[in-house]
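With mmCIF, C-alpha atoms inside, this is run-v2.cif:
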```cif
data_upload
loop_
_atom_site.group_PDB
_atom_site.id
_atom_site.type_symbol
_atom_site.label_atom_id
_atom_site.label_comp_id
_atom_site.auth_asym_id
_atom_site.auth_seq_id
_atom_site.Cartn_x
_atom_site.Cartn_y
_atom_site.Cartn_z
ATOM 1 C CA MET B 1 0.000 0.000 0.000
ATOM 2 C CA ILE B 2 2.642 2.486 1.074
ATOM 3 C CA PHE B 3 4.915 1.441 -1.743
ATOM 4 C CA ARG B 4 2.139 2.031 -4.228
ATOM 5 C CA LEU B 5 1.498 5.522 -2.821
ATOM 6 C CA LEU B 6 5.111 6.648 -2.658
ATOM 7 C CA PRO B 7 5.687 7.102 -6.421
ATOM 8 C CA ILE B 8 2.456 9.099 -6.650
ATOM 9 C CA ALA B 9 3.608 11.313 -3.805
ATOM 10 C CA ALA B 10 7.003 11.777 -5.416
ATOM 11 C CA ALA B 11 5.440 12.679 -8.765
ATOM 12 C CA LEU B 12 3.101 15.145 -7.085
ATOM 13 C CA SER B 13 5.913 16.838 -5.185
ATOM 14 C CA ILE B 14 8.042 17.169 -8.325
ATOM 15 C CA ALA B 15 5.096 18.598 -10.267
ATOM 16 C CA LEU B 16 4.508 21.180 -7.558
ATOM 17 C CA ILE B 17 8.155 22.120 -7.152
ATOM 18 C CA ALA B 18 8.660 22.346 -10.916
ATOM 19 C CA SER B 19 5.921 24.953 -11.361
ATOM 20 C CA PRO B 20 7.499 28.265 -12.385
ATOM 21 C CA ALA B 21 8.198 30.607 -9.503
ATOM 22 C CA ALA B 22 9.467 33.710 -11.301
ATOM 23 C CA ALA B 23 6.330 35.747 -12.074
ATOM 24 C CA THR B 24 3.497 35.498 -9.597
ATOM 25 C CA GLY B 25 0.919 35.571 -12.398
ATOM 26 C CA LYS B 26 -1.413 37.788 -10.398
ATOM 27 C CA MET B 27 -1.274 40.396 -13.147
ATOM 28 C CA THR B 28 0.486 40.629 -16.482
ATOM 29 C CA CYS B 29 1.214 43.627 -18.697
ATOM 30 C CA ASP B 30 2.705 43.322 -22.154
ATOM 31 C CA ALA B 31 3.992 46.745 -23.125
ATOM 32 C CA PRO B 32 7.392 46.890 -24.853
ATOM 33 C CA GLN B 33 9.986 47.843 -22.281
ATOM 34 C CA LYS B 34 11.264 50.766 -24.392
ATOM 35 C CA GLN B 35 7.995 52.586 -23.784
ATOM 36 C CA TRP B 36 7.942 52.121 -20.006
ATOM 37 C CA LYS B 37 7.965 55.226 -17.889
ATOM 38 C CA SER B 38 10.275 55.135 -14.886
ATOM 39 C CA MET B 39 9.311 53.442 -11.663
ATOM 40 C CA ALA B 40 10.526 56.489 -9.738
ATOM 41 C CA LYS B 41 8.000 58.645 -11.633
ATOM 42 C CA LEU B 42 5.199 56.236 -10.644
ATOM 43 C CA GLN B 43 6.269 56.359 -7.022
ATOM 44 C CA ALA B 44 6.371 60.158 -7.044
ATOM 45 C CA ASP B 45 2.896 60.295 -8.625
ATOM 46 C CA LEU B 46 1.517 57.909 -6.011
ATOM 47 C CA VAL B 47 2.976 59.916 -3.137
ATOM 48 C CA LYS B 48 1.271 62.997 -4.560
ATOM 49 C CA GLN B 49 -2.025 61.068 -4.514
ATOM 50 C CA GLY B 50 -1.567 60.256 -0.828
ATOM 51 C CA TRP B 51 0.113 56.848 -1.026
ATOM 52 C CA GLN B 52 3.000 55.746 1.140
ATOM 53 C CA VAL B 53 5.308 53.579 -0.939
ATOM 54 C CA ARG B 54 7.567 51.062 0.746
ATOM 55 C CA LYS B 55 8.791 49.088 -2.172
ATOM 56 C CA ALA B 56 8.315 48.844 -5.903
ATOM 57 C CA LYS B 57 9.359 46.174 -8.371
ATOM 58 C CA VAL B 58 8.458 44.603 -11.691
ATOM 59 C CA ASP B 59 6.148 41.598 -11.695
ATOM 60 C CA GLY B 60 4.733 40.057 -14.845
ATOM 61 C CA GLY B 61 5.695 43.139 -16.871
ATOM 62 C CA CYS B 62 3.718 45.450 -14.534
ATOM 63 C CA TYR B 63 4.957 47.702 -11.760
ATOM 64 C CA GLU B 64 4.094 46.230 -8.384
ATOM 65 C CA VAL B 65 4.030 48.579 -5.423
ATOM 66 C CA TYR B 66 3.889 47.708 -1.728
ATOM 67 C CA GLY B 67 2.650 50.406 0.592
ATOM 68 C CA THR B 68 -0.306 52.176 2.135
ATOM 69 C CA ASP B 69 -3.090 53.515 -0.081
ATOM 70 C CA PRO B 70 -4.745 56.917 0.517
ATOM 71 C CA GLN B 71 -7.471 55.173 2.564
ATOM 72 C CA GLY B 72 -4.835 53.802 4.945
ATOM 73 C CA ASN B 73 -4.953 50.169 3.812
ATOM 74 C CA ARG B 74 -1.696 48.235 3.708
ATOM 75 C CA VAL B 75 -1.796 46.894 0.155
ATOM 76 C CA GLU B 76 0.099 45.617 -2.815
ATOM 77 C CA ALA B 77 -0.923 47.263 -6.069
ATOM 78 C CA TYR B 78 -0.215 46.728 -9.759
ATOM 79 C CA PHE B 79 0.165 49.533 -12.261
ATOM 80 C CA HIS B 80 0.643 49.546 -16.023
ATOM 81 C CA PRO B 81 4.250 50.576 -16.745
ATOM 82 C CA VAL B 82 3.284 52.941 -19.594
ATOM 83 C CA SER B 83 -0.099 54.422 -18.673
ATOM 84 C CA PHE B 84 0.375 54.041 -14.879
ATOM 85 C CA LYS B 85 -3.217 52.836 -14.857
ATOM 86 C CA LYS B 86 -4.138 51.144 -11.564
ATOM 87 C CA LEU B 87 -4.833 47.499 -12.386
ATOM 88 C CA LEU B 88 -5.136 45.602 -9.135
ATOM 89 C CA VAL B 89 -5.079 46.403 -5.436
ATOM 90 C CA SER B 90 -5.054 43.616 -2.893
ATOM 91 C CA ARG B 91 -4.750 43.516 0.881
ATOM 92 C CA ARG B 92 -3.231 40.349 2.293
ATOM 93 C CA GLY B 93 -4.499 38.355 -0.666
ATOM 94 C CA GLU B 94 -7.960 39.943 -0.577
ATOM 95 C CA VAL B 95 -8.745 41.855 -3.801
ATOM 96 C CA LEU B 96 -9.887 45.426 -3.013
ATOM 97 C CA PHE B 97 -9.845 46.758 -6.559
ATOM 98 C CA ARG B 98 -9.546 45.283 -10.029
ATOM 99 C CA ALA B 99 -9.605 47.380 -13.189
ATOM 100 C CA LYS B 100 -12.383 46.485 -15.602
ATOM 101 C CA MET O 1 21.722 10.284 30.320
ATOM 102 C CA ARG O 2 24.483 12.697 29.422
ATOM 103 C CA ALA O 3 24.267 11.789 25.726
ATOM 104 C CA VAL O 4 20.538 12.466 25.773
ATOM 105 C CA SER O 5 20.931 15.945 27.234
ATOM 106 C CA ILE O 6 23.693 16.824 24.770
ATOM 107 C CA GLY O 7 21.439 15.718 21.892
ATOM 108 C CA LYS O 8 18.631 17.807 23.305
ATOM 109 C CA GLY O 9 20.861 20.849 23.595
ATOM 110 C CA VAL O 10 22.067 20.434 20.022
ATOM 111 C CA LEU O 11 18.481 20.122 18.770
ATOM 112 C CA TRP O 12 17.364 23.341 20.496
ATOM 113 C CA ALA O 13 20.465 25.111 19.157
ATOM 114 C CA VAL O 14 19.810 23.890 15.601
ATOM 115 C CA LEU O 15 16.206 25.065 15.780
ATOM 116 C CA ALA O 16 17.413 28.510 16.867
ATOM 117 C CA VAL O 17 19.772 28.926 13.879
ATOM 118 C CA PRO O 18 17.156 30.385 11.463
ATOM 119 C CA ALA O 19 16.139 32.894 14.153
ATOM 120 C CA ALA O 20 19.766 33.941 14.532
ATOM 121 C CA PHE O 21 19.993 34.495 10.758
ATOM 122 C CA VAL O 22 16.787 36.539 10.770
ATOM 123 C CA MET O 23 17.938 38.729 13.666
ATOM 124 C CA HIS O 24 21.329 39.192 12.034
ATOM 125 C CA ARG O 25 19.685 40.294 8.783
ATOM 126 C CA TYR O 26 17.379 42.643 10.681
ATOM 127 C CA ALA O 27 20.316 44.185 12.552
ATOM 128 C CA THR O 28 22.633 44.578 9.563
ATOM 129 C CA ALA O 29 20.581 45.211 6.408
ATOM 130 C CA PRO O 30 19.809 48.957 6.382
ATOM 131 C CA ASP O 31 17.103 48.975 3.702
ATOM 132 C CA LEU O 32 15.174 46.060 5.142
ATOM 133 C CA TRP O 33 11.601 46.547 6.318
ATOM 134 C CA PRO O 34 10.285 44.472 9.236
ATOM 135 C CA GLY O 35 7.745 43.204 6.710
ATOM 136 C CA ASP O 36 10.552 41.545 4.778
ATOM 137 C CA LEU O 37 11.116 39.199 7.708
ATOM 138 C CA LEU O 38 7.511 38.029 7.879
ATOM 139 C CA ARG O 39 8.149 35.379 5.301
ATOM 140 C CA PRO O 40 11.138 33.542 6.876
ATOM 141 C CA THR O 41 9.692 33.640 10.403
ATOM 142 C CA GLY O 42 6.259 32.464 9.260
ATOM 143 C CA GLU O 43 7.712 29.719 7.106
ATOM 144 C CA TRP O 44 9.897 28.398 9.921
ATOM 145 C CA SER O 45 6.952 28.339 12.287
ATOM 146 C CA ALA O 46 4.936 26.374 9.727
ATOM 147 C CA ARG O 47 7.815 23.975 9.048
ATOM 148 C CA LEU O 48 8.209 23.149 12.739
ATOM 149 C CA ILE O 49 4.445 22.613 13.116
ATOM 150 C CA ILE O 50 4.645 20.270 10.134
ATOM 151 C CA VAL O 51 7.548 18.308 11.632
ATOM 152 C CA ALA O 52 5.886 18.071 15.059
ATOM 153 C CA LEU O 53 2.708 16.664 13.520
ATOM 154 C CA MET O 54 4.567 14.277 11.213
ATOM 155 C CA LEU O 55 6.198 12.430 14.084
ATOM 156 C CA THR O 56 3.238 10.335 15.257
ATOM 157 C CA PRO O 57 2.330 8.961 11.792
ATOM 158 C CA LEU O 58 6.052 8.442 11.068
ATOM 159 C CA GLY O 59 6.348 6.442 14.258
ATOM 160 C CA GLN O 60 3.437 4.266 13.150
ATOM 161 C CA LEU O 61 4.997 3.694 9.738
ATOM 162 C CA PHE O 62 8.458 2.963 11.119
ATOM 163 C CA PRO O 63 7.935 1.563 14.619
ATOM 164 C CA GLN O 64 11.497 0.183 14.700
ATOM 165 C CA SER O 65 13.278 3.390 13.696
ATOM 166 C CA ARG O 66 15.486 4.740 16.468
ATOM 167 C CA ALA O 67 15.761 8.113 14.756
ATOM 168 C CA VAL O 68 11.989 8.551 14.714
ATOM 169 C CA LYS O 69 11.767 7.442 18.342
ATOM 170 C CA TRP O 70 14.404 10.003 19.276
ATOM 171 C CA LEU O 71 12.525 12.743 17.424
ATOM 172 C CA ILE O 72 9.246 11.779 19.102
ATOM 173 C CA ARG O 73 10.941 11.978 22.486
ATOM 174 C CA HIS O 74 12.087 15.492 21.610
ATOM 175 C CA ARG O 75 8.860 16.675 20.029
ATOM 176 C CA ARG O 76 8.557 19.486 22.580
ATOM 177 C CA ALA O 77 11.505 21.283 20.968
ATOM 178 C CA PHE O 78 9.686 21.386 17.620
ATOM 179 C CA GLY O 79 6.427 22.546 19.144
ATOM 180 C CA VAL O 80 7.954 25.258 21.303
ATOM 181 C CA GLY O 81 10.146 26.244 18.352
ATOM 182 C CA ALA O 82 7.062 26.613 16.146
ATOM 183 C CA PHE O 83 5.481 28.876 18.757
ATOM 184 C CA GLY O 84 8.688 30.893 19.121
ATOM 185 C CA TYR O 85 8.844 31.578 15.378
ATOM 186 C CA ALA O 86 5.133 32.431 15.351
ATOM 187 C CA VAL O 87 5.742 35.031 18.080
ATOM 188 C CA LEU O 88 8.705 36.424 16.130
ATOM 189 C CA HIS O 89 6.426 36.549 13.063
ATOM 190 C CA LEU O 90 3.878 38.539 15.099
ATOM 191 C CA ILE O 91 6.552 40.927 16.392
ATOM 192 C CA PHE O 92 7.695 41.734 12.837
ATOM 193 C CA TYR O 93 4.059 42.143 11.779
ATOM 194 C CA VAL O 94 3.445 44.651 14.590
ATOM 195 C CA LEU O 95 6.682 46.515 13.765
ATOM 196 C CA ASP O 96 5.670 46.565 10.106
ATOM 197 C CA MET O 97 2.121 47.806 10.681
ATOM 198 C CA GLU O 98 3.254 50.400 13.254
ATOM 199 C CA ARG O 99 -0.247 51.356 14.392
ATOM 200 C CA VAL O 100 -2.886 49.256 16.190
ATOM 201 C CA ALA O 101 -5.576 50.958 14.103
ATOM 202 C CA ALA O 102 -3.887 49.685 10.931
ATOM 203 C CA MET O 103 -3.859 46.133 12.293
ATOM 204 C CA LEU O 104 -7.507 46.331 13.345
ATOM 205 C CA ALA O 105 -8.450 47.731 9.923
ATOM 206 C CA GLU O 106 -7.295 44.559 8.162
ATOM 207 C CA ILE O 107 -8.216 41.987 10.810
ATOM 208 C CA GLY O 108 -11.277 40.980 8.774
ATOM 209 C CA ALA O 109 -9.171 39.977 5.764
ATOM 210 C CA PRO O 110 -9.195 36.161 5.560
ATOM 211 C CA GLY O 111 -5.417 36.142 5.081
ATOM 212 C CA ILE O 112 -5.031 37.939 8.406
ATOM 213 C CA TRP O 113 -7.609 36.484 10.803
ATOM 214 C CA THR O 114 -6.521 32.955 9.916
ATOM 215 C CA GLY O 115 -3.021 33.931 11.057
ATOM 216 C CA TRP O 116 -4.258 35.410 14.335
ATOM 217 C CA LEU O 117 -6.401 32.363 15.027
ATOM 218 C CA ALA O 118 -3.545 29.971 14.232
ATOM 219 C CA LEU O 119 -1.349 31.819 16.728
ATOM 220 C CA LEU O 120 -4.104 31.721 19.379
ATOM 221 C CA CYS O 121 -4.430 27.952 18.888
ATOM 222 C CA LEU O 122 -0.713 27.586 19.579
ATOM 223 C CA VAL O 123 -0.813 29.472 22.887
ATOM 224 C CA PRO O 124 -2.352 26.780 25.163
ATOM 225 C CA PRO O 125 -0.124 23.939 23.875
ATOM 226 C CA ALA O 126 2.936 26.176 24.226
ATOM 227 C CA LEU O 127 2.006 27.144 27.797
ATOM 228 C CA ALA O 128 1.470 23.464 28.607
ATOM 229 C CA SER O 129 4.823 22.402 27.137
ATOM 230 C CA ASN O 130 6.555 21.691 30.420
ATOM 231 C CA ASP O 131 6.661 18.792 32.854
ATOM 232 C CA ALA O 132 4.690 20.600 35.560
ATOM 233 C CA ALA O 133 1.791 21.286 33.183
ATOM 234 C CA MET O 134 1.901 17.646 32.010
ATOM 235 C CA ARG O 135 1.511 16.432 35.600
ATOM 236 C CA LEU O 136 -1.198 18.978 36.316
ATOM 237 C CA LEU O 137 -3.316 18.319 33.239
ATOM 238 C CA ARG O 138 -2.806 14.517 33.127
ATOM 239 C CA ARG O 139 -5.072 13.040 30.471
ATOM 240 C CA HIS O 140 -6.321 16.476 29.420
ATOM 241 C CA TRP O 141 -2.783 17.393 28.408
ATOM 242 C CA LYS O 142 -3.075 15.606 25.054
ATOM 243 C CA ARG O 143 -6.362 17.301 24.347
ATOM 244 C CA VAL O 144 -4.630 20.652 24.814
ATOM 245 C CA GLN O 145 -1.764 19.596 22.523
ATOM 246 C CA ARG O 146 -4.240 18.587 19.815
ATOM 247 C CA LEU O 147 -4.956 22.306 19.262
ATOM 248 C CA VAL O 148 -1.861 22.166 17.048
ATOM 249 C CA TYR O 149 -3.977 20.407 14.374
ATOM 250 C CA PRO O 150 -6.382 23.325 13.837
ATOM 251 C CA ALA O 151 -3.342 25.617 14.099
ATOM 252 C CA ALA O 152 -1.741 23.690 11.226
ATOM 253 C CA ILE O 153 -4.830 23.942 9.035
ATOM 254 C CA LEU O 154 -5.220 27.666 9.764
ATOM 255 C CA THR O 155 -1.523 28.197 9.070
ATOM 256 C CA LEU O 156 -1.848 26.490 5.698
ATOM 257 C CA VAL O 157 -4.856 28.646 4.758
ATOM 258 C CA HIS O 158 -3.137 31.815 6.074
ATOM 259 C CA TRP O 159 -0.045 31.026 4.006
ATOM 260 C CA MET O 160 -1.979 30.259 0.834
ATOM 261 C CA LEU O 161 -3.980 33.495 1.108
ATOM 262 C CA VAL O 162 -1.180 35.844 2.097
ATOM 263 C CA HIS O 163 1.489 34.532 -0.200
ATOM 264 C CA ASP O 164 1.533 34.526 -3.978
ATOM 265 C CA GLY O 165 0.013 31.324 -5.217
ATOM 266 C CA LEU O 166 -0.607 28.008 -3.528
ATOM 267 C CA ALA O 167 2.473 26.105 -4.644
ATOM 268 C CA SER O 168 5.054 26.903 -1.965
ATOM 269 C CA ALA O 169 2.638 26.372 0.922
ATOM 270 C CA LEU O 170 1.341 23.103 -0.507
ATOM 271 C CA VAL O 171 4.809 21.735 -1.272
ATOM 272 C CA GLN O 172 5.869 22.154 2.336
ATOM 273 C CA PHE O 173 2.629 20.817 3.766
ATOM 274 C CA ALA O 174 2.566 17.864 1.326
ATOM 275 C CA PRO O 175 4.548 15.402 3.486
ATOM 276 C CA LEU O 176 2.312 16.079 6.489
ATOM 277 C CA LEU O 177 -0.908 15.864 4.464
ATOM 278 C CA LEU O 178 0.292 12.613 2.924
ATOM 279 C CA LEU O 179 1.286 11.035 6.240
ATOM 280 C CA GLN O 180 -1.975 12.042 7.902
ATOM 281 C CA ALA O 181 -3.942 10.745 4.906
ATOM 282 C CA LEU O 182 -2.104 7.421 5.192
ATOM 283 C CA ARG O 183 -2.838 7.350 8.903
ATOM 284 C CA LEU O 184 -6.559 7.924 8.292
ATOM 285 C CA ALA O 185 -6.558 5.328 5.511
ATOM 286 C CA ARG O 186 -5.015 2.775 7.857
ATOM 287 C CA MET O 187 -7.581 3.599 10.522
ATOM 288 C CA PHE O 188 -10.716 3.527 8.396
ATOM 289 C CA ILE O 189 -10.022 1.414 5.329
ATOM 290 C CA PHE O 190 -7.756 -1.223 6.825
ATOM 291 C CA ASN O 191 -9.292 -0.910 10.256
ATOM 292 C CA THR O 192 -5.936 -0.965 11.969
ATOM 293 C CA THR O 193 -6.349 -0.117 15.604
ATOM 294 C CA GLU O 194 -4.327 2.897 16.463
ATOM 295 C CA ARG O 195 -2.226 3.270 19.546
ATOM 296 C CA LYS O 196 -3.636 5.914 21.854
ATOM 297 C CA THR O 197 -1.472 8.831 20.928
ATOM 298 C CA ILE O 198 -1.573 12.272 19.395
#
```

Will you turn the file into structure tokens for me?
Amino acid sequence: MIFRLLPIAAALSIALIASPAAATGKMTCDAPQKQWKSMAKLQADLVKQGWQVRKAKVDGGCYEVYGTDPQGNRVEAYFHPVSFKKLLVSRRGEVLFRAK
Amino acid sequence: MRAVSIGKGVLWAVLAVPAAFVMHRYATAPDLWPGDLLRPTGEWSARLIIVALMLTPLGQLFPQSRAVKWLIRHRRAFGVGAFGYAVLHLIFYVLDMERVAAMLAEIGAPGIWTGWLALLCLVPPALASNDAAMRLLRRHWKRVQRLVYPAAILTLVHWMLVHDGLASALVQFAPLLLLQALRLARMFIFNTTERKTI
């Protein structure tokens, strides 16, 4: 019984480990990188709108920002790297805003 | 006797190594936010919960194994370690959030209240993890320790919600889920009588 289950378990573990870890896949943007506006500009714009930005990085071709939104929620938010359009805001995995 | 206590000391020291790394990083990396240390502390707490709960089914699978017997005898180290990392995780969360109002504002988020509840479940078993409490509680002691099972489930859910994607949480919980599934299969399908144990 155990010996029959072990290969299945091994296969399952390998399948799970092998899944790509690079992009989180929560949001993807596909604008050519040449057209991107700078991340610093996005951060400055957000601060002007009342955000507190802790960290910003690229995820799935979008800008991903960690910080506090103007309403005081601790969130992670995705923005389009060219238009700076707000795409997704989530708080601890709970989606607060998703662009239509 | 002496060998046993040396082994015990080594085990506690080994379990403290990740905490030492975390504190070192916190003390030396200037651009690090407390929030950056939520992940390692939370993951180590979960890993130690997983190990602690794997020991009973492992012991049933390998009743002759001396290594498993040794680990079962030292299960307290894993349990208390799990609680210690959970407390460290909470401390970094509080440092990261800065204000109580901010923490209260997000307490309704499923990713957050599952974490709080998991920590609460760990408090009674941690408080009862000493010989005096064992003598005091007698047969109720195991019932108290069983709170680690709901803590494990809540931890898994907390991890899956808070972190990106399900994969990393599930990979680490897989051995435990598998062992417990085997244990249940043996109990119900094969009708093997189980030793009275946690």

Please expand the PyMOL selection byres ((chain O) within 6 of (chain B)) into the concrete residues it hits in this file, giving the result as an NGL selection string. :O and (111 or 161-162)

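Straight-line separation from CA of Ala118 (chain O) to CA of Leu38 (chain O): 15.1 Å.
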
Closest of O:Ala109, O:Val144, O:Val22, O:Ile49 to Leu127 (chain O), counting only C-alpha atoms, is O:Val144

Selection result for the PyMOL selection byres ((chain O and resi 50-56) around 6) on this file, as a PyMOL selection string: chain O and resi 47-49+57-59+72+75+78+176

Selection export as a short mmCIF file (atom, residue, chain, number, x, y, z; two decimals), in the coordinates of the input, atoms kept: C-alpha atoms:
```cif
data_model
loop_
_atom_site.label_atom_id
_atom_site.label_comp_id
_atom_site.auth_asym_id
_atom_site.auth_seq_id
_atom_site.Cartn_x
_atom_site.Cartn_y
_atom_site.Cartn_z
CA ARG O 47 7.82 23.98 9.05
CA LEU O 48 8.21 23.15 12.74
CA ILE O 49 4.44 22.61 13.12
CA PRO O 57 2.33 8.96 11.79
CA LEU O 58 6.05 8.44 11.07
CA GLY O 59 6.35 6.44 14.26
CA ILE O 72 9.25 11.78 19.10
CA ARG O 75 8.86 16.68 20.03
CA PHE O 78 9.69 21.39 17.62
CA LEU O 176 2.31 16.08 6.49
#
```

I'd like the residues picked by the PyMOL selection byres ((chain B and resi 28) around 6) written out as a short mmCIF file (atom, residue, chain, number, x, y, z; two decimals) with C-alpha atoms, in the coordinates of the input, using the chain letters and numbers from the file.
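As written to disk, expr.cif reads:
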```cif
data_model
loop_
_atom_site.label_atom_id
_atom_site.label_comp_id
_atom_site.auth_asym_id
_atom_site.auth_seq_id
_atom_site.Cartn_x
_atom_site.Cartn_y
_atom_site.Cartn_z
CA MET B 27 -1.27 40.40 -13.15
CA CYS B 29 1.21 43.63 -18.70
CA GLY B 60 4.73 40.06 -14.84
CA GLY B 61 5.70 43.14 -16.87
#
```

Box centre and edge lengths (Å, one decimal), axis-aligned, region 167-186 of chain O plus 6 Å each side, as JSON:
```
{"center_x": -0.3, "center_y": 14.8, "center_z": 2.1, "size_x": 24.4, "size_y": 36.1, "size_z": 25.5}
```

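Here the selection is built from only C-alpha atoms, and the residues within 9 Å of (7.6, 27.8, 17.7) turn out to be Trp44, Ser45, Ala46, Leu48, Ile49, Ala77, Phe78, Gly79, Val80, Gly81, Ala82, Phe83, Gly84, Tyr85, Ala86, Val87, Leu88, Leu122 and Ala126 of chain O.
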
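Residues having any atom no farther than 12 Å from (11.2, 56.3, -12.5) (counting all atoms listed in the file) are Trp36, Lys37, Ser38, Met39, Ala40, Lys41, Leu42, Gln43, Ala44, Asp45, Leu46, Ala56, Lys57, Tyr63, Pro81, Val82 and Phe84 of chain B.
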
Calculated over all atoms listed in the file, which of the candidates O:Arg73, O:His158, O:Ser168, O:His163 has the smallest distance to Glu76 (chain B)? O:His163

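Between CA of Trp159 (chain O) and CA of Pro175 (chain O) lies a distance of 16.3 Å.
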
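Rounded to one decimal, CA of Leu154 (chain O) and CA of Leu179 (chain O) lie 18.2 Å from each other.
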